[in-house]
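A.B. asks: I am attaching a structure below and will ask some questions about it afterwards.
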Amino acid sequence: MKITFPHMGNTYLPVKAMFDDLGVEVVLPPKNSKKTLEIGTKYSPELICLPMKINLGNYIQSIEKGADTILVTGSCGPCRYGYFAEVEKEILKDLGYDVEFVILEAPDGDLKEFYNRVSRVANTKNMIKIGKSLKNGIQVLRKLDKFEASVLKLRPYEKNKGEIDTLYKELIKNLEKSTGSSQMIKYIHQAQEAIKDIDLQKDRDVLKVGIVGEIYTIIEDFANIDIGKKLNELGAEVHKSHTTSGWVLEHLFYNSIGSTREKQVRKAAKPYMKTMVGGHGRETIGNTILYTKEGYDGVIQIMPFTCMPEIVAMSILPKLQQEYGIPILTLIIDEMTGEAGYVTRLEAYIDLLRNRREKYKNEKMLSWR
Ligand code: SF4
């Protein structure tokens, strides 16, 4: 059995660590690229959302490298993600690829069922071994997500431009050549120490931007055209409202004990959206409100073209903009999105946030007099 799985940000590293610990061979798809998207777009239904097109490209590239089993997470609820795997299976069959799909549904507290499914791909029924590898994989995932969050927060303050990027790239390179979770954890700890030594100019006038929207587009930098780095370069620290570790922990553990963060988000969204609309539409509303209350300068909603839950959320965002007085920008991405136009929109948005901050500063000074 040679397992593959789709790319979503840095998630391939902890998943690889988990399978390395289990002694299962994995075939990593090449990093997402124009070629991946071209392949996926060619064989996907025209109006399906971008994540499926990229996923399909990942599978075909992996199959060509020898993968015979595809591991994906499933979903239920009013969103197309729930049928991605079924559609992909049919497409791959029509193309003549003979592969097995293993779908891991979010257990929602039912850990036993989750372990049963994992044991199929883990190639062992030894629950202790599976549990340990899963725990270690999650540990790598959490630490890596935390490191990425500090990169997005600290990069706009660095004195010598490019130092954090170099450190980050070096870490990814080391993780890619690592085998198993303990080696990966060692490299992440080293990077965590090294980032503390980077010279920062803390008094720099840096904006704060929160990113809300569809989870895949937020996490996968190829899909979001590296929005975090672009905003950092324009002088804004960035916080992404979704991470893979957040999603895993939410569905694996917190749902069964009642997560405080999830509750907070839902409570904030409730006056505007009472029910789940699929994907993370409700979280887009709740997180926008929380970012506003936490003093962020702006919020960017990012989503694939035709993403239904985010279209619903988008229709409510103008009301939040008006009531909370926070500028909200919506970016819709598909395979036709050009980088130049995208950057121009970000630049104009950052100019607006800067002018707004200046205006408030001046008003504050005048009212003090
Ligand atoms: S959340 Fe949106 S983009 Fe993601 S699968 Fe569902 S419809 Fe598609």
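Letters for chains follow the order of the structure tokens (A, B, ...), residue numbers begin at 1 for each chain, and ligand numbers begin at 1 in the order shown.
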As a tab-separated table (two decimals) with all heavy atoms, in the first residue's frame, please: the residues near Val118 of chain A (cut-off 10 Å, only C-alpha atoms, same-chain neighbours under 3 positions excluded).
C.D. replies:
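And here is the file that came out, result_24.tsv:
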chain	number	residue	atom	x	y	z
A	71	LEU	N	-5.98	8.93	0.86
A	71	LEU	CA	-6.57	9.19	2.17
A	71	LEU	C	-7.14	10.61	2.18
A	71	LEU	O	-6.42	11.58	1.89
A	71	LEU	CB	-5.49	9.06	3.26
A	71	LEU	CG	-5.90	9.43	4.67
A	71	LEU	CD1	-6.94	8.47	5.22
A	71	LEU	CD2	-4.69	9.46	5.59
A	102	VAL	N	-9.78	5.99	1.01
A	102	VAL	CA	-10.14	5.78	2.41
A	102	VAL	C	-10.58	7.15	2.95
A	102	VAL	O	-9.82	8.11	2.92
A	102	VAL	CB	-8.96	5.24	3.24
A	102	VAL	CG1	-9.37	5.08	4.70
A	102	VAL	CG2	-8.49	3.91	2.68
A	103	ILE	N	-11.84	7.20	3.37
A	103	ILE	CA	-12.39	8.49	3.81
A	103	ILE	C	-12.48	8.52	5.33
A	103	ILE	O	-13.16	7.70	5.93
A	103	ILE	CB	-13.78	8.73	3.18
A	103	ILE	CG1	-13.68	8.63	1.65
A	103	ILE	CG2	-14.33	10.09	3.60
A	103	ILE	CD1	-15.01	8.53	0.95
A	104	LEU	N	-11.78	9.47	5.93
A	104	LEU	CA	-11.85	9.62	7.39
A	104	LEU	C	-12.86	10.72	7.71
A	104	LEU	O	-12.60	11.89	7.48
A	104	LEU	CB	-10.48	10.01	7.96
A	104	LEU	CG	-9.37	8.98	7.93
A	104	LEU	CD1	-8.13	9.53	8.60
A	104	LEU	CD2	-9.79	7.69	8.61
A	112	LYS	N	-13.77	5.76	18.66
A	112	LYS	CA	-13.61	4.35	18.29
A	112	LYS	C	-13.74	4.18	16.78
A	112	LYS	O	-12.90	3.55	16.11
A	112	LYS	CB	-14.67	3.52	19.02
A	112	LYS	CG	-14.44	2.03	18.90
A	112	LYS	CD	-15.27	1.28	19.94
A	112	LYS	CE	-15.20	-0.21	19.66
A	112	LYS	NZ	-16.21	-0.64	18.72
A	113	GLU	N	-14.79	4.79	16.22
A	113	GLU	CA	-15.02	4.70	14.77
A	113	GLU	C	-13.83	5.32	14.01
A	113	GLU	O	-13.37	4.81	13.00
A	113	GLU	CB	-16.34	5.43	14.44
A	113	GLU	CG	-16.65	5.58	12.96
A	113	GLU	CD	-16.74	4.25	12.22
A	113	GLU	OE1	-16.92	3.22	12.87
A	113	GLU	OE2	-16.56	4.26	10.97
A	114	PHE	N	-13.35	6.41	14.56
A	114	PHE	CA	-12.21	7.08	13.93
A	114	PHE	C	-11.00	6.16	13.90
A	114	PHE	O	-10.32	6.01	12.89
A	114	PHE	CB	-11.91	8.37	14.71
A	114	PHE	CG	-10.85	9.22	14.07
A	114	PHE	CD1	-11.09	9.91	12.90
A	114	PHE	CD2	-9.59	9.33	14.65
A	114	PHE	CE1	-10.11	10.69	12.31
A	114	PHE	CE2	-8.60	10.11	14.06
A	114	PHE	CZ	-8.87	10.80	12.90
A	115	TYR	N	-10.73	5.52	15.04
A	115	TYR	CA	-9.58	4.60	15.11
A	115	TYR	C	-9.75	3.42	14.15
A	115	TYR	O	-8.78	2.96	13.56
A	115	TYR	CB	-9.39	4.09	16.54
A	115	TYR	CG	-8.59	5.02	17.41
A	115	TYR	CD1	-9.09	5.49	18.60
A	115	TYR	CD2	-7.30	5.42	17.02
A	115	TYR	CE1	-8.35	6.36	19.40
A	115	TYR	CE2	-6.57	6.29	17.81
A	115	TYR	CZ	-7.10	6.75	18.99
A	115	TYR	OH	-6.36	7.60	19.76
A	121	VAL	N	-5.74	2.34	7.19
A	121	VAL	CA	-4.60	2.95	6.49
A	121	VAL	C	-3.29	2.79	7.27
A	121	VAL	O	-2.20	2.83	6.70
A	121	VAL	CB	-4.82	4.46	6.20
A	121	VAL	CG1	-5.69	4.66	5.00
A	121	VAL	CG2	-5.34	5.19	7.41
A	122	ALA	N	-3.44	2.57	8.60
A	122	ALA	CA	-2.24	2.43	9.42
A	122	ALA	C	-1.61	1.05	9.27
A	122	ALA	O	-0.50	0.81	9.72
A	122	ALA	CB	-2.56	2.68	10.88
A	123	ASN	N	-2.38	0.15	8.64
A	123	ASN	CA	-1.88	-1.19	8.40
A	123	ASN	C	-1.62	-1.97	9.69
A	123	ASN	O	-0.75	-2.81	9.76
A	123	ASN	CB	-0.58	-1.10	7.58
A	123	ASN	CG	-0.56	-2.15	6.50
A	123	ASN	OD1	-1.55	-2.87	6.33
A	123	ASN	ND2	0.56	-2.24	5.79
A	124	THR	N	-2.32	-1.63	10.74
A	124	THR	CA	-2.19	-2.34	12.02
A	124	THR	C	-3.46	-2.15	12.85
A	124	THR	O	-4.15	-1.13	12.69
A	124	THR	CB	-0.97	-1.84	12.83
A	124	THR	OG1	-0.99	-2.47	14.10
A	124	THR	CG2	-0.99	-0.33	13.05
A	125	LYS	N	-3.72	-3.13	13.67
A	125	LYS	CA	-4.89	-3.00	14.57
A	125	LYS	C	-4.41	-2.61	15.97
A	125	LYS	O	-5.18	-2.52	16.91
A	125	LYS	CB	-5.64	-4.34	14.65
A	125	LYS	CG	-6.29	-4.74	13.36
A	125	LYS	CD	-7.81	-4.73	13.51
A	125	LYS	CE	-8.48	-5.13	12.19
A	125	LYS	NZ	-9.12	-4.04	11.52
A	127	MET	N	-3.93	-0.56	18.60
A	127	MET	CA	-4.47	0.75	18.94
A	127	MET	C	-3.48	1.63	19.69
A	127	MET	O	-3.52	2.85	19.58
A	127	MET	CB	-5.76	0.59	19.78
A	127	MET	CG	-6.90	0.00	19.00
A	127	MET	SD	-7.25	1.03	17.55
A	127	MET	CE	-8.46	0.04	16.73
A	130	ILE	N	-1.24	3.03	17.04
A	130	ILE	CA	-1.97	4.05	16.26
A	130	ILE	C	-2.15	5.32	17.09
A	130	ILE	O	-1.88	6.43	16.64
A	130	ILE	CB	-3.36	3.52	15.81
A	130	ILE	CG1	-3.18	2.39	14.79
A	130	ILE	CG2	-4.21	4.64	15.22
A	130	ILE	CD1	-4.48	1.71	14.39
A	131	GLY	N	-2.59	5.13	18.33
A	131	GLY	CA	-2.83	6.27	19.22
A	131	GLY	C	-1.58	7.10	19.43
A	131	GLY	O	-1.61	8.32	19.38
A	134	LEU	N	-0.72	8.94	16.19
A	134	LEU	CA	-1.67	10.03	15.99
A	134	LEU	C	-1.33	11.20	16.92
A	134	LEU	O	-1.29	12.37	16.50
A	134	LEU	CB	-3.09	9.51	16.26
A	134	LEU	CG	-4.24	10.47	16.01
A	134	LEU	CD1	-4.31	10.87	14.54
A	134	LEU	CD2	-5.57	9.86	16.44
A.B. asks: Kindly provide, as a list in words, all nucleotide and amino acid residues lying within 7 Å of ligand 1, counting only C-alpha atoms and all ligand atoms.
C.D. replies: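 Those within range of ligand 1 are Cys49, Leu50, Pro51, Cys79, Arg80, Tyr81, Glu214, Ile215, Tyr216, Gly278, Gly279, His280, Met303, Pro304, Thr306, Cys307, Met308, Pro309 and Glu310 of chain A.
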A.B. asks: If you count only C-alpha atoms, which residues fall within 7 Å of Ile326 of chain A, apart from same-chain ones fewer than 3 positions away, as a CSV table (one decimal) with N, CA and C atoms, in the first residue's frame?
C.D. replies:
chain,number,residue,atom,x,y,z
A,292,THR,N,-12.9,42.3,15.3
A,292,THR,CA,-13.2,43.7,15.5
A,292,THR,C,-13.1,44.1,17.0
A,297,ASP,N,-7.3,46.1,12.6
A,297,ASP,CA,-7.6,47.2,11.8
A,297,ASP,C,-8.5,46.8,10.6
A,298,GLY,N,-8.4,45.6,10.2
A,298,GLY,CA,-9.3,45.1,9.1
A,298,GLY,C,-9.4,43.6,9.0
A,321,GLN,N,-19.7,45.5,8.6
A,321,GLN,CA,-18.9,46.6,8.3
A,321,GLN,C,-19.5,47.9,8.8
A.B. asks: Which neighbours of Ala340 of chain A fall inside 12 Å, counting only C-alpha atoms, when residues of the same chain fewer than 5 positions from it are skipped, and could you give them as a PyMOL selection string?
C.D. replies: chain A and resi 225+230+345-347
A.B. asks: Could you go through segment 30-149 of chain A and tell me which residues DSSP, when run on the backbone, assigns to alpha helix (DSSP H), listing them as a tab-separated table (two decimals) with N, CA, C and O atoms, in the first residue's frame?
C.D. replies:
chain	number	residue	atom	x	y	z
A	34	LYS	N	1.07	25.56	-10.82
A	34	LYS	CA	0.16	25.82	-11.94
A	34	LYS	C	-0.19	24.50	-12.62
A	34	LYS	O	-1.31	24.29	-13.08
A	35	LYS	N	0.80	23.61	-12.68
A	35	LYS	CA	0.59	22.32	-13.35
A	35	LYS	C	-0.48	21.51	-12.61
A	35	LYS	O	-1.37	20.93	-13.21
A	36	THR	N	-0.37	21.50	-11.25
A	36	THR	CA	-1.36	20.77	-10.44
A	36	THR	C	-2.76	21.29	-10.76
A	36	THR	O	-3.70	20.52	-10.98
A	37	LEU	N	-2.86	22.62	-10.77
A	37	LEU	CA	-4.17	23.24	-11.01
A	37	LEU	C	-4.67	22.96	-12.43
A	37	LEU	O	-5.86	22.70	-12.64
A	38	GLU	N	-3.75	23.00	-13.38
A	38	GLU	CA	-4.14	22.73	-14.78
A	38	GLU	C	-4.72	21.32	-14.91
A	38	GLU	O	-5.76	21.11	-15.52
A	39	ILE	N	-4.02	20.35	-14.28
A	39	ILE	CA	-4.49	18.96	-14.37
A	39	ILE	C	-5.86	18.83	-13.71
A	39	ILE	O	-6.80	18.27	-14.27
A	40	GLY	N	-5.98	19.40	-12.49
A	40	GLY	CA	-7.24	19.31	-11.75
A	40	GLY	C	-8.39	19.99	-12.49
A	40	GLY	O	-9.51	19.48	-12.55
A	41	THR	N	-8.10	21.16	-13.06
A	41	THR	CA	-9.14	21.92	-13.77
A	41	THR	C	-9.59	21.15	-15.01
A	41	THR	O	-10.78	21.12	-15.35
A	42	LYS	N	-8.65	20.52	-15.69
A	42	LYS	CA	-8.96	19.80	-16.93
A	42	LYS	C	-9.99	18.68	-16.68
A	42	LYS	O	-10.87	18.47	-17.50
A	43	TYR	N	-9.87	17.99	-15.54
A	43	TYR	CA	-10.72	16.82	-15.34
A	43	TYR	C	-11.87	17.05	-14.36
A	43	TYR	O	-12.66	16.13	-14.12
A	50	LEU	N	-12.55	25.53	-6.23
A	50	LEU	CA	-11.10	25.41	-6.41
A	50	LEU	C	-10.43	24.29	-5.60
A	50	LEU	O	-9.59	23.56	-6.15
A	51	PRO	N	-10.79	24.09	-4.29
A	51	PRO	CA	-10.10	23.03	-3.55
A	51	PRO	C	-10.18	21.67	-4.23
A	51	PRO	O	-9.21	20.93	-4.27
A	52	MET	N	-11.35	21.34	-4.80
A	52	MET	CA	-11.45	20.03	-5.44
A	52	MET	C	-10.55	19.95	-6.68
A	52	MET	O	-9.93	18.91	-6.94
A	53	LYS	N	-10.46	21.03	-7.41
A	53	LYS	CA	-9.61	21.01	-8.62
A	53	LYS	C	-8.15	20.77	-8.22
A	53	LYS	O	-7.45	19.97	-8.84
A	54	ILE	N	-7.71	21.46	-7.15
A	54	ILE	CA	-6.31	21.28	-6.73
A	54	ILE	C	-6.12	19.87	-6.17
A	54	ILE	O	-5.13	19.20	-6.49
A	55	ASN	N	-7.09	19.39	-5.36
A	55	ASN	CA	-6.99	18.03	-4.80
A	55	ASN	C	-6.85	16.99	-5.91
A	55	ASN	O	-6.01	16.10	-5.85
A	56	LEU	N	-7.69	17.12	-6.93
A	56	LEU	CA	-7.67	16.14	-8.02
A	56	LEU	C	-6.30	16.16	-8.73
A	56	LEU	O	-5.75	15.12	-9.06
A	57	GLY	N	-5.79	17.37	-8.91
A	57	GLY	CA	-4.45	17.50	-9.51
A	57	GLY	C	-3.41	16.79	-8.64
A	57	GLY	O	-2.53	16.07	-9.14
A	58	ASN	N	-3.53	16.96	-7.31
A	58	ASN	CA	-2.62	16.29	-6.36
A	58	ASN	C	-2.68	14.77	-6.54
A	58	ASN	O	-1.65	14.09	-6.62
A	59	TYR	N	-3.90	14.23	-6.63
A	59	TYR	CA	-4.05	12.76	-6.72
A	59	TYR	C	-3.41	12.23	-7.99
A	59	TYR	O	-2.69	11.24	-7.97
A	60	ILE	N	-3.70	12.90	-9.10
A	60	ILE	CA	-3.18	12.40	-10.38
A	60	ILE	C	-1.64	12.46	-10.37
A	60	ILE	O	-0.97	11.51	-10.79
A	61	GLN	N	-1.10	13.55	-9.83
A	61	GLN	CA	0.37	13.65	-9.77
A	61	GLN	C	0.96	12.56	-8.86
A	61	GLN	O	2.01	12.02	-9.14
A	62	SER	N	0.26	12.26	-7.75
A	62	SER	CA	0.74	11.22	-6.83
A	62	SER	C	0.62	9.84	-7.44
A	62	SER	O	1.49	8.99	-7.27
A	63	ILE	N	-0.50	9.59	-8.12
A	63	ILE	CA	-0.70	8.27	-8.74
A	63	ILE	C	0.43	8.04	-9.76
A	63	ILE	O	0.99	6.94	-9.86
A	64	GLU	N	0.77	9.10	-10.48
A	64	GLU	CA	1.86	8.94	-11.45
A	64	GLU	C	3.20	8.66	-10.78
A	64	GLU	O	4.12	8.14	-11.39
A	81	TYR	N	-18.10	19.84	-0.07
A	81	TYR	CA	-16.95	19.04	0.38
A	81	TYR	C	-17.35	17.59	0.65
A	81	TYR	O	-16.59	16.67	0.41
A	82	GLY	N	-18.59	17.42	1.14
A	82	GLY	CA	-19.10	16.09	1.47
A	82	GLY	C	-19.11	15.13	0.30
A	82	GLY	O	-19.07	13.92	0.49
A	83	TYR	N	-19.20	15.64	-0.91
A	83	TYR	CA	-19.20	14.70	-2.05
A	83	TYR	C	-17.94	14.76	-2.91
A	83	TYR	O	-17.87	14.14	-3.97
A	84	PHE	N	-16.95	15.50	-2.47
A	84	PHE	CA	-15.68	15.55	-3.22
A	84	PHE	C	-15.16	14.14	-3.53
A	84	PHE	O	-14.87	13.81	-4.66
A	85	ALA	N	-15.04	13.33	-2.45
A	85	ALA	CA	-14.40	12.02	-2.61
A	85	ALA	C	-15.17	11.15	-3.61
A	85	ALA	O	-14.56	10.48	-4.44
A	86	GLU	N	-16.52	11.18	-3.53
A	86	GLU	CA	-17.32	10.35	-4.45
A	86	GLU	C	-17.11	10.79	-5.89
A	86	GLU	O	-16.94	9.96	-6.79
A	87	VAL	N	-17.12	12.11	-6.13
A	87	VAL	CA	-16.93	12.62	-7.50
A	87	VAL	C	-15.51	12.31	-7.98
A	87	VAL	O	-15.30	11.84	-9.11
A	88	GLU	N	-14.54	12.51	-7.09
A	88	GLU	CA	-13.14	12.26	-7.47
A	88	GLU	C	-12.92	10.78	-7.83
A	88	GLU	O	-12.23	10.46	-8.79
A	89	LYS	N	-13.57	9.91	-7.04
A	89	LYS	CA	-13.46	8.47	-7.30
A	89	LYS	C	-13.92	8.16	-8.72
A	89	LYS	O	-13.24	7.45	-9.46
A	90	GLU	N	-15.08	8.70	-9.08
A	90	GLU	CA	-15.63	8.44	-10.42
A	90	GLU	C	-14.73	9.00	-11.51
A	90	GLU	O	-14.49	8.36	-12.53
A	91	ILE	N	-14.21	10.20	-11.28
A	91	ILE	CA	-13.36	10.83	-12.31
A	91	ILE	C	-12.10	9.97	-12.52
A	91	ILE	O	-11.72	9.67	-13.66
A	92	LEU	N	-11.49	9.55	-11.41
A	92	LEU	CA	-10.25	8.76	-11.52
A	92	LEU	C	-10.53	7.41	-12.19
A	92	LEU	O	-9.73	6.93	-12.99
A	93	LYS	N	-11.70	6.85	-11.88
A	93	LYS	CA	-12.08	5.57	-12.51
A	93	LYS	C	-12.23	5.77	-14.02
A	93	LYS	O	-11.69	4.99	-14.81
A	94	ASP	N	-12.92	6.83	-14.42
A	94	ASP	CA	-13.10	7.11	-15.86
A	94	ASP	C	-11.77	7.32	-16.56
A	94	ASP	O	-11.61	7.04	-17.74
A	111	LEU	N	-14.51	8.40	18.95
A	111	LEU	CA	-13.10	8.11	18.68
A	111	LEU	C	-12.90	6.67	18.20
A	111	LEU	O	-11.99	6.40	17.41
A	112	LYS	N	-13.77	5.76	18.66
A	112	LYS	CA	-13.61	4.35	18.29
A	112	LYS	C	-13.74	4.18	16.78
A	112	LYS	O	-12.90	3.55	16.11
A	113	GLU	N	-14.79	4.79	16.22
A	113	GLU	CA	-15.02	4.70	14.77
A	113	GLU	C	-13.83	5.32	14.01
A	113	GLU	O	-13.37	4.81	13.00
A	114	PHE	N	-13.35	6.41	14.56
A	114	PHE	CA	-12.21	7.08	13.93
A	114	PHE	C	-11.00	6.16	13.90
A	114	PHE	O	-10.32	6.01	12.89
A	115	TYR	N	-10.73	5.52	15.04
A	115	TYR	CA	-9.58	4.60	15.11
A	115	TYR	C	-9.75	3.42	14.15
A	115	TYR	O	-8.78	2.96	13.56
A	116	ASN	N	-11.02	2.94	13.99
A	116	ASN	CA	-11.27	1.82	13.06
A	116	ASN	C	-10.83	2.19	11.65
A	116	ASN	O	-10.20	1.41	10.94
A	117	ARG	N	-11.20	3.39	11.27
A	117	ARG	CA	-10.86	3.82	9.91
A	117	ARG	C	-9.35	4.04	9.78
A	117	ARG	O	-8.74	3.69	8.77
A	118	VAL	N	-8.78	4.63	10.82
A	118	VAL	CA	-7.33	4.87	10.78
A	118	VAL	C	-6.59	3.54	10.69
A	118	VAL	O	-5.59	3.43	9.97
A	119	SER	N	-7.10	2.51	11.36
A	119	SER	CA	-6.37	1.22	11.38
A	119	SER	C	-6.27	0.62	9.97
A	119	SER	O	-5.33	-0.10	9.67
A	120	ARG	N	-7.23	0.95	9.11
A	120	ARG	CA	-7.14	0.46	7.73
A	120	ARG	C	-5.93	1.03	7.01
A	120	ARG	O	-5.21	0.34	6.30
A	121	VAL	N	-5.74	2.34	7.19
A	121	VAL	CA	-4.60	2.95	6.49
A	121	VAL	C	-3.29	2.79	7.27
A	121	VAL	O	-2.20	2.83	6.70
A	122	ALA	N	-3.44	2.57	8.60
A	122	ALA	CA	-2.24	2.43	9.42
A	122	ALA	C	-1.61	1.05	9.27
A	122	ALA	O	-0.50	0.81	9.72
A	127	MET	N	-3.93	-0.56	18.60
A	127	MET	CA	-4.47	0.75	18.94
A	127	MET	C	-3.48	1.63	19.69
A	127	MET	O	-3.52	2.85	19.58
A	128	ILE	N	-2.60	0.99	20.45
A	128	ILE	CA	-1.63	1.78	21.20
A	128	ILE	C	-0.65	2.45	20.22
A	128	ILE	O	-0.37	3.64	20.30
A	129	LYS	N	-0.23	1.63	19.24
A	129	LYS	CA	0.70	2.17	18.23
A	129	LYS	C	0.02	3.29	17.42
A	129	LYS	O	0.60	4.35	17.18
A	130	ILE	N	-1.24	3.03	17.04
A	130	ILE	CA	-1.97	4.05	16.26
A	130	ILE	C	-2.15	5.32	17.09
A	130	ILE	O	-1.88	6.43	16.64
A	131	GLY	N	-2.59	5.13	18.33
A	131	GLY	CA	-2.83	6.27	19.22
A	131	GLY	C	-1.58	7.10	19.43
A	131	GLY	O	-1.61	8.32	19.38
A	132	LYS	N	-0.46	6.40	19.60
A	132	LYS	CA	0.81	7.11	19.83
A	132	LYS	C	1.24	7.90	18.58
A	132	LYS	O	1.63	9.06	18.67
A	133	SER	N	1.11	7.25	17.42
A	133	SER	CA	1.50	7.94	16.17
A	133	SER	C	0.58	9.14	15.91
A	133	SER	O	1.04	10.20	15.47
A	134	LEU	N	-0.72	8.94	16.19
A	134	LEU	CA	-1.67	10.03	15.99
A	134	LEU	C	-1.33	11.20	16.92
A	134	LEU	O	-1.29	12.37	16.50
A	135	LYS	N	-1.05	10.86	18.15
A	135	LYS	CA	-0.71	11.89	19.15
A	135	LYS	C	0.54	12.66	18.71
A	135	LYS	O	0.59	13.89	18.75
A	136	ASN	N	1.55	11.90	18.25
A	136	ASN	CA	2.79	12.55	17.82
A	136	ASN	C	2.57	13.42	16.58
A	136	ASN	O	3.11	14.51	16.46
A	137	GLY	N	1.75	12.88	15.65
A	137	GLY	CA	1.44	13.65	14.44
A	137	GLY	C	0.75	14.95	14.80
A	137	GLY	O	1.07	16.02	14.26
A	138	ILE	N	-0.20	14.87	15.73
A	138	ILE	CA	-0.92	16.09	16.14
A	138	ILE	C	0.03	17.08	16.83
A	138	ILE	O	-0.07	18.29	16.66
A	139	GLN	N	0.98	16.52	17.57
A	139	GLN	CA	1.95	17.39	18.23
A	139	GLN	C	2.78	18.18	17.20
A	139	GLN	O	2.98	19.38	17.33
A	140	VAL	N	3.21	17.46	16.14
A	140	VAL	CA	3.98	18.14	15.07
A	140	VAL	C	3.09	19.21	14.43
A	140	VAL	O	3.51	20.35	14.22
A	141	LEU	N	1.84	18.81	14.15
A	141	LEU	CA	0.90	19.74	13.51
A	141	LEU	C	0.70	21.02	14.34
A	141	LEU	O	0.79	22.14	13.82
A	142	ARG	N	0.46	20.85	15.62
A	142	ARG	CA	0.23	22.01	16.50
A	142	ARG	C	1.44	22.93	16.55
A	142	ARG	O	1.34	24.15	16.47
A	143	LYS	N	2.61	22.31	16.71
A	143	LYS	CA	3.83	23.11	16.83
A	143	LYS	C	4.12	23.86	15.52
A	143	LYS	O	4.54	25.01	15.53
A	144	LEU	N	3.87	23.17	14.41
A	144	LEU	CA	4.13	23.79	13.12
A	144	LEU	C	3.15	24.93	12.85
A	144	LEU	O	3.54	26.01	12.37
A	145	ASP	N	1.88	24.73	13.19
A	145	ASP	CA	0.88	25.79	13.03
A	145	ASP	C	1.24	27.00	13.90
A	145	ASP	O	1.09	28.15	13.50
A	146	LYS	N	1.72	26.70	15.12
A	146	LYS	CA	2.09	27.77	16.04
A	146	LYS	C	3.28	28.55	15.47
A	146	LYS	O	3.33	29.78	15.55
A	147	PHE	N	4.21	27.82	14.86
A	147	PHE	CA	5.38	28.49	14.29
A	147	PHE	C	4.95	29.37	13.12
A	147	PHE	O	5.38	30.51	13.00
A	148	GLU	N	4.05	28.85	12.27
A	148	GLU	CA	3.58	29.65	11.13
A	148	GLU	C	2.88	30.91	11.63
A	148	GLU	O	3.05	32.00	11.08
A	149	ALA	N	2.11	30.76	12.72
A	149	ALA	CA	1.41	31.92	13.28
A	149	ALA	C	2.41	32.98	13.75
A	149	ALA	O	2.21	34.19	13.55
A.B. asks: To one decimal in Å, tell me the separation between atom CA of Asp165 of chain A and atom CA of Val151 of chain A.
C.D. replies: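 Separation of atom CA of Asp165 of chain A and atom CA of Val151 of chain A: 8.0 Å.
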A.B. asks: What does the distance from atom CA of Ala194 of chain A to atom CA of Gly246 of chain A come to in Å, to one decimal?
C.D. replies: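 We find that atom CA of Ala194 of chain A and atom CA of Gly246 of chain A lie 24.6 Å from each other.
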A.B. asks: Find the residues around Val209 of chain A up to 8 Å (only C-alpha atoms counted), leave out those fewer than 5 positions away in its own chain, and share them as a list in words.
C.D. replies: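 Those residues are Ala236, Glu237, Val238, His239, Tyr296, Asp297, Gly298, Val299 and Ile300 of chain A.
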A.B. asks: Using only C-alpha atoms, which of the listed residues (A:Gln190, A:Ile3, A:Glu335, A:Gly235) sits closest to Asp20 of chain A?
C.D. replies: A:Ile3
A.B. asks: Out of A:Ala313, A:Met1, A:Leu13, A:Leu331, which residue has the shortest atom-to-atom distance to Val99 of chain A when counting only C-alpha atoms?
C.D. replies: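 Among the listed residues, A:Met1 lies closest to Val99 of chain A.
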A.B. asks: Find the spatial neighbours of Met273 of chain A, counting only C-alpha atoms, within a cut-off of 10 Å - ignore same-chain residues fewer than 4 positions away - and output them as a list in words.
C.D. replies: Arg266, Lys267, Ala268, Ala269, Val277, Gly281, Arg282, Glu283, Ile285, Gly286, Val312, Ala313 and Ile316 of chain A
A.B. asks: Please save C-alpha atoms of the selected residues as a PDB file, in the first residue's frame.
C.D. replies:
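Output below, filename selection_22.pdb:
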ATOM      1  CA  ARG A 266     -20.940  30.800  17.424  1.00  0.00           C
ATOM      2  CA  LYS A 267     -22.192  33.142  20.134  1.00  0.00           C
ATOM      3  CA  ALA A 268     -20.747  36.149  18.309  1.00  0.00           C
ATOM      4  CA  ALA A 269     -22.328  35.035  15.008  1.00  0.00           C
ATOM      5  CA  VAL A 277     -24.749  27.016   6.520  1.00  0.00           C
ATOM      6  CA  GLY A 281     -19.764  30.420   6.823  1.00  0.00           C
ATOM      7  CA  ARG A 282     -20.890  30.881  10.402  1.00  0.00           C
ATOM      8  CA  GLU A 283     -17.277  31.083  11.620  1.00  0.00           C
ATOM      9  CA  ILE A 285     -19.268  35.964  10.724  1.00  0.00           C
ATOM     10  CA  GLY A 286     -18.236  35.081  14.289  1.00  0.00           C
ATOM     11  CA  VAL A 312     -24.036  33.439   2.415  1.00  0.00           C
ATOM     12  CA  ALA A 313     -21.505  34.944   4.850  1.00  0.00           C
ATOM     13  CA  ILE A 316     -23.958  39.600   5.885  1.00  0.00           C
TER      14      ILE A 316
END
A.B. asks: Pull the strand (DSSP E or B) assignments for segment 156-363 of chain A out of DSSP run on the backbone, and list those residues as a list in words.
C.D. replies: Glu158, Leu200, Leu207, Lys208, Val209, Gly210, Ile211, Val212, Gly213, Ala236, Glu237, Val238, His239, Lys240, Gly298, Val299, Ile300, Gln301, Ile302, Met303, Pro304, Ile328, Leu329, Thr330, Leu331, Ile332 and Ile333 of chain A
A.B. asks: Could you check which of A:Leu28, A:Val72, A:Leu249, A:Met336 is closest to Lys16 of chain A, using only C-alpha atoms?
C.D. replies: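 Distance minimum relative to Lys16 of chain A lands on A:Leu28.
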A.B. asks: List the spatial neighbours of Asp203 of chain A as a list of chain:residue names - criterion: any atom at most 12 Å away, only C-alpha atoms, same-chain residues fewer than 6 positions off excluded.
C.D. replies: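 The filter keeps A:Pro156, A:Tyr157, A:Glu158, A:Lys159.
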A.B. asks: How many Å separate atom CA of Ala191 of chain A from atom CA of Leu167 of chain A?
C.D. replies: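 A separation of 7.0 Å between them.
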